[in-house]
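Enquirer: This structure is in structure tokens; I'll ask about it shortly.
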Amino acid sequence: MAIDNLRHRGIRSWLTIIGVFIGIAAVVSLISLGQGLQDAVTGQFKTLSGDNLIIQSSSSASYLGPPGSTAVRKLNEHDLDVIKSVQGIEFVIPRLVRSVKLEYNDVSKFKYVASLPENQQEIDYIYNTMDLQVSEGRLLKLGDKRKLVIGSNFIGEDEFEKPVKRGSNLKIQNDSFEVIGVIAKTSSLEVNNAALVMEDDLEGALGVDDEIDLILVKVSNKDRTEQVAELIEKEMRRDRNEKEGEEDFSVQTPVKALESISLILNIINLVVTGIALISLILGGIGIANTMYTSVLERRKDIGIMKAVGSTNFEILKIFVVESGLMGLVGGIAGAIVGLAFAFLVSFAANSYLGQELLKVTISFPLLFAAIGFSFLIGLISGLSPAYQASHLRPVEALRS
Amino acid sequence: MAEKGEKHAHLIRLRNVAKYYHMGEEIVKAVDRMNIEIRPGEFVAIMGPSGSGKSTAMNLVGSLDLATKGDIYLDGLDIEELSESDLAQVRGKIIGFIFQSFNLVPNLTAKENVMLPMMFQEIGEEAREFRAEKLLKMVGLADRMDHHPNQLSGGEQQRVAIARALSNDPEIILADEPTGNLDTRTGEIVMDYLEKLNKQGKTIILVTHDPRLAQEHARVIYHIKDGKLEKVTKKVGSKWVTLR
């Protein structure tokens, strides 16, 4: 009987269900994408292993532009020496990471280029830390001159109106470099969109001297990474005569970096969950409103049912089941649409980024929980109007 | 509490029953000091003009309402002592209602309307369907079972109502102005049904404003005026005798 009643009021039932539907769709899409988002974002921090620190200048920590690009005072060799003086460090690797003009096929574009140190052990450490492999050719090694290794997104890219490939010659600031290898696709967008050259070559091409964009520090004992980071901060503040909290540099530890990201993701999660909950509450209120109206409209029907032998409980059951069904249908529809939306977002993001970065996780326990919860919302929302219906006096109801 | 022997002597008994309504400071006595006794197998009419209190009397007789004063017994049970749910169950088993405005549930088909009372008596679906189809065939609506009330004429709707009233095979059929919304011919068909049911042993309570209808079909008439029982007449042979 409850299903018939819902079917007869088709449009009204669907309009009522929308609130619950939106809430469930939001929750399902959020959680289905959440893990994929977490993985996609943390994958960008592949360079950070547990025993790494990254030191950069000043407002580079805002992640806008290359490291050190907005810094007032850049890092240099002196800073390198200060850091090396700190106990607990195995080695330090200075790096340049710049957005530079690349020219190929008479087309110029600005791309990220990063340097590799003139030390094979350090070069190997970078390759291992970032898990760099080649899909074509080889990686740079000590002794390479005017050679370049490109990220996977360079290939097939029509940016230069002609595909860049192994053996191609690119110009960096008018210096010609030969492409000797292509890096296999990684989960890091930065790596896939960047090129690598030897440090001396990049310094020469850019005409820079004693400038460092970031310093990669390997600590001896990864259990002491945080302590070493604090010591470096202390030493650099002392050297620069800066107060705590007023530093023009940042020492980024894996924990701190991921903490910031996790915080942002958690805030996003909370906000969306909050919106979803509000939507669910509104949906529940909508169901209650519709049920109250339904009770009013069907007073006579209730009177008839009571006259022909329905108990209060039977009436209560009919209305509660009806409202529960609305919640259930909203939950099922919301779960389906939420999943579809998650796949759509994933597809759009991956198409835009040119790689499968954002994956959707389908969790059946989550889906059942979401549907079950929306059914519960429906049931609870219908309780009060159902109680009212069940306690109508037959003679009064029949008079309606 | 039911008095000894009453369970079999009377199906419905109203003893000094009154029903008052409070309209602000005023008390309206819809029914006052009413005594009605309905025996098994009787064809009883409760007759009175509009505003006489016969509808209120019908609601009390049918246990659809509770009295302000006095006692109402349904099959020997004092309805004041029953919970509303228990009362509904007993009522559903013992009384079948036929209303002036048919009172079919609009979202249900004819068959589903007839099945409704059986659902509340926890009769299985197959048995419900079987009986509903049988009853609808009996009232000549075999080909209209799946129609909704808005697809049926007034006469057809009233016949569905009759079938519904019979669905739990109740002892009593309480018909409130059953021909009120029907043309003469259809009204006669409905009254014929009630006569037939009475001959089969059912107790019929007819509530009407029409003395002709009451005298033509009932054997006992309760005459109501201004909320009070004016007199009770009984048909003896072809004459009407005043009992009280």
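Naming works like this for the structure tokens: A, B, ... for the chains as they're shown, residue 1 at the start of each chain, ligands 1 onward in shown order.
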If you take only C-alpha atoms and a cut-off of 8 Å, which residues of chain A touch chain B, and what are their nearest atom pairs and distances in Å to one decimal, in chain and number order, as a tab-separated table?
Expert:
```
residue	atom	partner	partner_atom	distance
A:Asp4	CA	B:Asn107	CA	7.2
A:Asn5	CA	B:Asn107	CA	6.8
A:His8	CA	B:Asn107	CA	7.2
A:Lys300	CA	B:Asn103	CA	7.9
A:Asp301	CA	B:Val105	CA	5.8
A:Ile304	CA	B:Asn103	CA	6.6
A:Met305	CA	B:Pro117	CA	7.6
A:Lys306	CA	B:Ala88	CA	6.2
A:Ala307	CA	B:Leu64	CA	6.8
A:Val308	CA	B:Gly92	CA	4.9
A:Gly309	CA	B:Gly92	CA	3.7
A:Ser310	CA	B:Phe120	CA	5.4
A:Thr311	CA	B:Ser85	CA	4.3
A:Asn312	CA	B:Ser85	CA	5.6
A:Phe313	CA	B:Ser85	CA	7.6
A:Glu314	CA	B:Phe120	CA	7.6
A:Arg393	CA	B:Asp65	CA	7.7
A:Pro394	CA	B:Leu64	CA	5.9
A:Val395	CA	B:Leu64	CA	5.6
```
Enquirer: Going by DSSP on the backbone, which residues of segment 44-173 of chain A come out as alpha helix (DSSP H)? List them as a list in words.
Expert: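 So the alpha helix (DSSP H) residues in segment 44-173 of chain A would be Glu77, His78, Asp79, Leu80, Asp81, Val82, Ile83, Lys84, Gln120, Gln121, Glu122, Ile123, Asp124, Tyr125, Ile126, Tyr127, Asn128, Thr129 and Met130 of chain A.
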Enquirer: Find the residues near segment 140-156 of chain A: any atom within 9 Å, counting only C-alpha atoms, skip ones fewer than 6 places away on the same chain, and give them as number ranges by chain.
Expert: A: 113, 116-120, 123-124, 162-166, 169-170, 175-186, 189-198, 200-202, 354-355
Enquirer: Near Arg131 of chain B, within 10 Å and counting only C-alpha atoms, which residues show up once chain neighbours fewer than 6 positions away are dropped, as a PyMOL selection string?
Expert: chain B and resi 111+114-115+118+125+137+163+166-168
Enquirer: Would you mind exporting the chosen residues as a PDB file, in the first residue's frame, restricted to C-alpha atoms?
Expert:
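again14.pdb, freshly written:
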```pdb
ATOM      1  CA  LYS B 111     -10.376  -5.657  -5.643  1.00  0.00           C
ATOM      2  CA  VAL B 114     -12.432  -5.360  -0.904  1.00  0.00           C
ATOM      3  CA  MET B 115      -9.202  -6.991   0.288  1.00  0.00           C
ATOM      4  CA  MET B 118      -9.116  -8.863   5.376  1.00  0.00           C
ATOM      5  CA  GLU B 125      -2.812 -12.771   0.393  1.00  0.00           C
ATOM      6  CA  LYS B 137     -18.480 -11.564  -8.843  1.00  0.00           C
ATOM      7  CA  ALA B 163     -18.476  -6.435  -1.216  1.00  0.00           C
ATOM      8  CA  LEU B 166     -18.844  -8.538   3.487  1.00  0.00           C
ATOM      9  CA  SER B 167     -15.150  -9.332   3.178  1.00  0.00           C
ATOM     10  CA  ASN B 168     -14.646 -10.491   6.783  1.00  0.00           C
TER      11      ASN B 168
END
```
Enquirer: Pick out the residues sitting within 8 Å of Ile275 of chain A, and hand them over as a VMD selection string; count only C-alpha atoms, and ignore anything fewer than 4 positions along from it in its own chain.
Expert: chain A and resid 23 271 279
Enquirer: Would you list the contacts of segment 211-225 of chain A as a VMD selection string, taking every protein, DNA or RNA residue within 8 Å and counting only C-alpha atoms, but skipping same-chain residues closer than 5 positions in sequence?
Expert: chain A and resid 50 to 57 67 to 69 74 to 77 80 88 to 97 253
Enquirer: Output N, CA and C atoms for every residue in the selection just made, as a CSV table (one decimal), in the first residue's frame.
Expert:
```csv
chain,number,residue,atom,x,y,z
A,50,GLY,N,61.1,9.4,4.1
A,50,GLY,CA,61.1,9.6,5.5
A,50,GLY,C,62.4,10.2,6.0
A,51,ASP,N,63.5,10.1,5.3
A,51,ASP,CA,64.8,10.6,5.8
A,51,ASP,C,65.2,11.9,5.0
A,52,ASN,N,64.3,12.5,4.3
A,52,ASN,CA,64.6,13.7,3.5
A,52,ASN,C,64.0,15.0,4.1
A,53,LEU,N,64.8,16.0,3.9
A,53,LEU,CA,64.3,17.4,4.2
A,53,LEU,C,64.5,18.2,3.0
A,54,ILE,N,63.6,19.2,2.9
A,54,ILE,CA,63.8,20.2,1.7
A,54,ILE,C,63.8,21.6,2.3
A,55,ILE,N,64.9,22.3,2.0
A,55,ILE,CA,65.0,23.7,2.5
A,55,ILE,C,64.8,24.6,1.3
A,56,GLN,N,63.9,25.5,1.5
A,56,GLN,CA,63.7,26.5,0.4
A,56,GLN,C,63.7,27.9,1.0
A,57,SER,N,63.7,28.9,0.1
A,57,SER,CA,63.6,30.3,0.6
A,57,SER,C,62.2,30.7,0.8
A,67,PRO,N,60.4,26.8,-6.7
A,67,PRO,CA,61.0,27.0,-5.4
A,67,PRO,C,61.9,28.3,-5.4
A,68,GLY,N,61.7,29.1,-4.5
A,68,GLY,CA,62.6,30.3,-4.4
A,68,GLY,C,62.2,31.4,-5.3
A,69,SER,N,61.2,31.2,-6.1
A,69,SER,CA,60.9,32.2,-7.2
A,69,SER,C,60.4,33.5,-6.6
A,74,LYS,N,67.7,34.6,-1.7
A,74,LYS,CA,67.8,33.2,-2.2
A,74,LYS,C,68.8,32.4,-1.4
A,75,LEU,N,68.7,31.1,-1.4
A,75,LEU,CA,69.7,30.3,-0.8
A,75,LEU,C,71.0,30.3,-1.6
A,76,ASN,N,72.1,30.0,-0.9
A,76,ASN,CA,73.4,30.0,-1.6
A,76,ASN,C,74.3,29.0,-1.0
A,77,GLU,N,75.6,29.1,-1.4
A,77,GLU,CA,76.7,28.1,-0.9
A,77,GLU,C,76.9,28.3,0.6
A,80,LEU,N,74.5,26.4,2.4
A,80,LEU,CA,74.8,25.0,2.3
A,80,LEU,C,75.8,24.6,3.4
A,88,GLY,N,74.0,15.0,12.3
A,88,GLY,CA,72.9,14.1,11.9
A,88,GLY,C,72.6,14.1,10.4
A,89,ILE,N,73.4,14.8,9.6
A,89,ILE,CA,73.2,14.9,8.2
A,89,ILE,C,74.2,14.0,7.4
A,90,GLU,N,73.6,13.2,6.5
A,90,GLU,CA,74.5,12.4,5.7
A,90,GLU,C,75.1,13.2,4.5
A,91,PHE,N,74.2,13.8,3.8
A,91,PHE,CA,74.7,14.7,2.8
A,91,PHE,C,73.6,15.7,2.4
A,92,VAL,N,74.1,16.7,1.7
A,92,VAL,CA,73.1,17.8,1.2
A,92,VAL,C,73.3,17.9,-0.3
A,93,ILE,N,72.2,18.1,-1.0
A,93,ILE,CA,72.2,18.3,-2.4
A,93,ILE,C,71.6,19.6,-2.8
A,94,PRO,N,72.3,20.5,-3.4
A,94,PRO,CA,71.7,21.8,-3.8
A,94,PRO,C,71.1,21.5,-5.2
A,95,ARG,N,70.0,22.2,-5.5
A,95,ARG,CA,69.3,22.1,-6.8
A,95,ARG,C,68.8,23.4,-7.3
A,96,LEU,N,68.8,23.5,-8.6
A,96,LEU,CA,68.1,24.6,-9.2
A,96,LEU,C,66.8,24.1,-9.8
A,97,VAL,N,65.7,24.7,-9.6
A,97,VAL,CA,64.5,24.3,-10.3
A,97,VAL,C,63.9,25.6,-10.8
A,253,THR,N,59.6,19.0,6.2
A,253,THR,CA,59.8,17.6,6.5
A,253,THR,C,58.7,16.8,5.9
```
Enquirer: Counting only C-alpha atoms, what is within 12 Å of Ile377 of chain A, bar same-chain residues fewer than 6 positions away, as JSON, numbers by chain?
Expert: {"A": [17, 19, 20, 21, 23, 24, 277, 279, 280, 281, 282, 283, 284, 285, 286, 287, 288, 320, 321, 323, 324, 325, 326, 327, 328, 329, 330, 331, 370, 371, 383]}
Enquirer: Out of B:Phe130, B:Tyr193, B:Tyr20, B:Tyr222, which residue has the shortest atom-to-atom distance to Lys235 of chain B when counting only C-alpha atoms?
Expert: B:Tyr222
Enquirer: Report the residues of chain B whose backbone DSSP state falls under strand (DSSP E or B), written as an MDAnalysis selection string.
Expert: chainID B and resid 12:23 26:38 43:47 69:74 77:78 95:98 172:176 203:208 220:225 228:236 239:242
Enquirer: Could you turn the residues from that selection into a file that holds C-alpha atoms, as a PDB file, in the first residue's frame?
Expert:
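So the final result, stored in out-v2.pdb, reads:
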```
ATOM      1  CA  ILE B  12     -25.039  -4.274  19.935  1.00  0.00           C
ATOM      2  CA  ARG B  13     -26.445  -2.602  22.994  1.00  0.00           C
ATOM      3  CA  LEU B  14     -26.530   1.070  23.911  1.00  0.00           C
ATOM      4  CA  ARG B  15     -27.539   1.697  27.507  1.00  0.00           C
ATOM      5  CA  ASN B  16     -28.451   5.271  28.542  1.00  0.00           C
ATOM      6  CA  VAL B  17     -25.920   6.566  26.076  1.00  0.00           C
ATOM      7  CA  ALA B  18     -25.347  10.260  25.633  1.00  0.00           C
ATOM      8  CA  LYS B  19     -22.942  12.156  23.413  1.00  0.00           C
ATOM      9  CA  TYR B  20     -22.173  15.763  24.172  1.00  0.00           C
ATOM     10  CA  TYR B  21     -19.956  18.160  22.214  1.00  0.00           C
ATOM     11  CA  HIS B  22     -18.304  21.171  23.734  1.00  0.00           C
ATOM     12  CA  MET B  23     -18.554  24.226  21.478  1.00  0.00           C
ATOM     13  CA  GLU B  26     -21.822  25.711  25.146  1.00  0.00           C
ATOM     14  CA  ILE B  27     -22.573  21.999  25.436  1.00  0.00           C
ATOM     15  CA  VAL B  28     -24.408  20.481  22.496  1.00  0.00           C
ATOM     16  CA  LYS B  29     -26.287  17.284  23.322  1.00  0.00           C
ATOM     17  CA  ALA B  30     -26.124  15.422  20.041  1.00  0.00           C
ATOM     18  CA  VAL B  31     -27.621  12.287  21.577  1.00  0.00           C
ATOM     19  CA  ASP B  32     -29.186  11.915  25.019  1.00  0.00           C
ATOM     20  CA  ARG B  33     -30.336   8.923  27.029  1.00  0.00           C
ATOM     21  CA  MET B  34     -30.392   6.552  24.089  1.00  0.00           C
ATOM     22  CA  ASN B  35     -31.209   2.888  24.558  1.00  0.00           C
ATOM     23  CA  ILE B  36     -30.785   0.601  21.562  1.00  0.00           C
ATOM     24  CA  GLU B  37     -30.665  -3.180  21.436  1.00  0.00           C
ATOM     25  CA  ILE B  38     -29.835  -4.981  18.224  1.00  0.00           C
ATOM     26  CA  PHE B  43     -33.198  -5.721  10.097  1.00  0.00           C
ATOM     27  CA  VAL B  44     -33.169  -2.500  12.078  1.00  0.00           C
ATOM     28  CA  ALA B  45     -33.575   1.054  10.879  1.00  0.00           C
ATOM     29  CA  ILE B  46     -32.406   4.119  12.769  1.00  0.00           C
ATOM     30  CA  MET B  47     -34.563   6.826  11.289  1.00  0.00           C
ATOM     31  CA  LYS B  69     -22.191   8.886  29.193  1.00  0.00           C
ATOM     32  CA  GLY B  70     -23.639   5.414  29.303  1.00  0.00           C
ATOM     33  CA  ASP B  71     -22.395   2.079  28.033  1.00  0.00           C
ATOM     34  CA  ILE B  72     -21.948   0.565  24.621  1.00  0.00           C
ATOM     35  CA  TYR B  73     -21.584  -3.185  24.258  1.00  0.00           C
ATOM     36  CA  LEU B  74     -20.333  -4.825  21.112  1.00  0.00           C
ATOM     37  CA  LEU B  77     -17.764  -6.407  25.241  1.00  0.00           C
ATOM     38  CA  ASP B  78     -17.871  -2.981  26.837  1.00  0.00           C
ATOM     39  CA  ILE B  95     -19.369  -4.943  11.557  1.00  0.00           C
ATOM     40  CA  GLY B  96     -19.242  -4.255   7.839  1.00  0.00           C
ATOM     41  CA  PHE B  97     -19.839  -0.597   6.944  1.00  0.00           C
ATOM     42  CA  ILE B  98     -21.601   0.800   3.895  1.00  0.00           C
ATOM     43  CA  ILE B 172     -23.620  -6.982  11.188  1.00  0.00           C
ATOM     44  CA  ILE B 173     -23.901  -4.748   8.158  1.00  0.00           C
ATOM     45  CA  LEU B 174     -24.257  -1.100   9.096  1.00  0.00           C
ATOM     46  CA  ALA B 175     -25.483   0.930   6.132  1.00  0.00           C
ATOM     47  CA  ASP B 176     -25.540   4.709   6.499  1.00  0.00           C
ATOM     48  CA  THR B 203     -28.025  -8.378  11.004  1.00  0.00           C
ATOM     49  CA  ILE B 204     -28.710  -5.202   9.045  1.00  0.00           C
ATOM     50  CA  ILE B 205     -28.698  -1.740  10.596  1.00  0.00           C
ATOM     51  CA  LEU B 206     -29.972   0.859   8.183  1.00  0.00           C
ATOM     52  CA  VAL B 207     -29.551   4.533   9.010  1.00  0.00           C
ATOM     53  CA  THR B 208     -31.906   6.664   6.954  1.00  0.00           C
ATOM     54  CA  VAL B 220     -37.680  -2.642  13.764  1.00  0.00           C
ATOM     55  CA  ILE B 221     -37.391   1.140  13.537  1.00  0.00           C
ATOM     56  CA  TYR B 222     -35.760   3.422  16.091  1.00  0.00           C
ATOM     57  CA  HIS B 223     -37.276   6.873  15.604  1.00  0.00           C
ATOM     58  CA  ILE B 224     -34.890   9.649  16.583  1.00  0.00           C
ATOM     59  CA  LYS B 225     -35.665  13.305  16.986  1.00  0.00           C
ATOM     60  CA  LYS B 228     -33.571  11.557  21.702  1.00  0.00           C
ATOM     61  CA  LEU B 229     -35.206   8.255  20.988  1.00  0.00           C
ATOM     62  CA  GLU B 230     -38.823   9.151  20.287  1.00  0.00           C
ATOM     63  CA  LYS B 231     -40.202   5.660  19.894  1.00  0.00           C
ATOM     64  CA  VAL B 232     -39.393   2.159  18.743  1.00  0.00           C
ATOM     65  CA  THR B 233     -41.738   0.473  16.328  1.00  0.00           C
ATOM     66  CA  LYS B 234     -41.795  -3.127  15.195  1.00  0.00           C
ATOM     67  CA  LYS B 235     -43.442  -4.721  12.191  1.00  0.00           C
ATOM     68  CA  VAL B 236     -45.856  -7.407  13.262  1.00  0.00           C
ATOM     69  CA  LYS B 239     -48.724  -3.575  10.873  1.00  0.00           C
ATOM     70  CA  TRP B 240     -46.356  -1.403  12.813  1.00  0.00           C
ATOM     71  CA  VAL B 241     -46.578  -1.694  16.573  1.00  0.00           C
ATOM     72  CA  THR B 242     -45.013   0.786  18.983  1.00  0.00           C
TER      73      THR B 242
END
```
Enquirer: Name the closest residue to Met236 of chain A among the candidates A:Val251, A:Val28, A:Leu392, A:Ile315; distances are taken between atoms, counting only C-alpha atoms.
Expert: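 Closest residue, counting only C-alpha atoms: A:Val251.
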Enquirer: Separation of atom CA of Gly207 of chain A and atom CA of Tyr112 of chain A, in Å?
Expert: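 Distance reported for this atom pair: 16.4 Å.
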Enquirer: Taking into account only C-alpha atoms, which residue in the set B:Asp183, B:Glu216, B:Glu177, B:Glu195 is nearest to Ser50 of chain B?
Expert: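 Distance minimum relative to Ser50 of chain B lands on B:Glu177.
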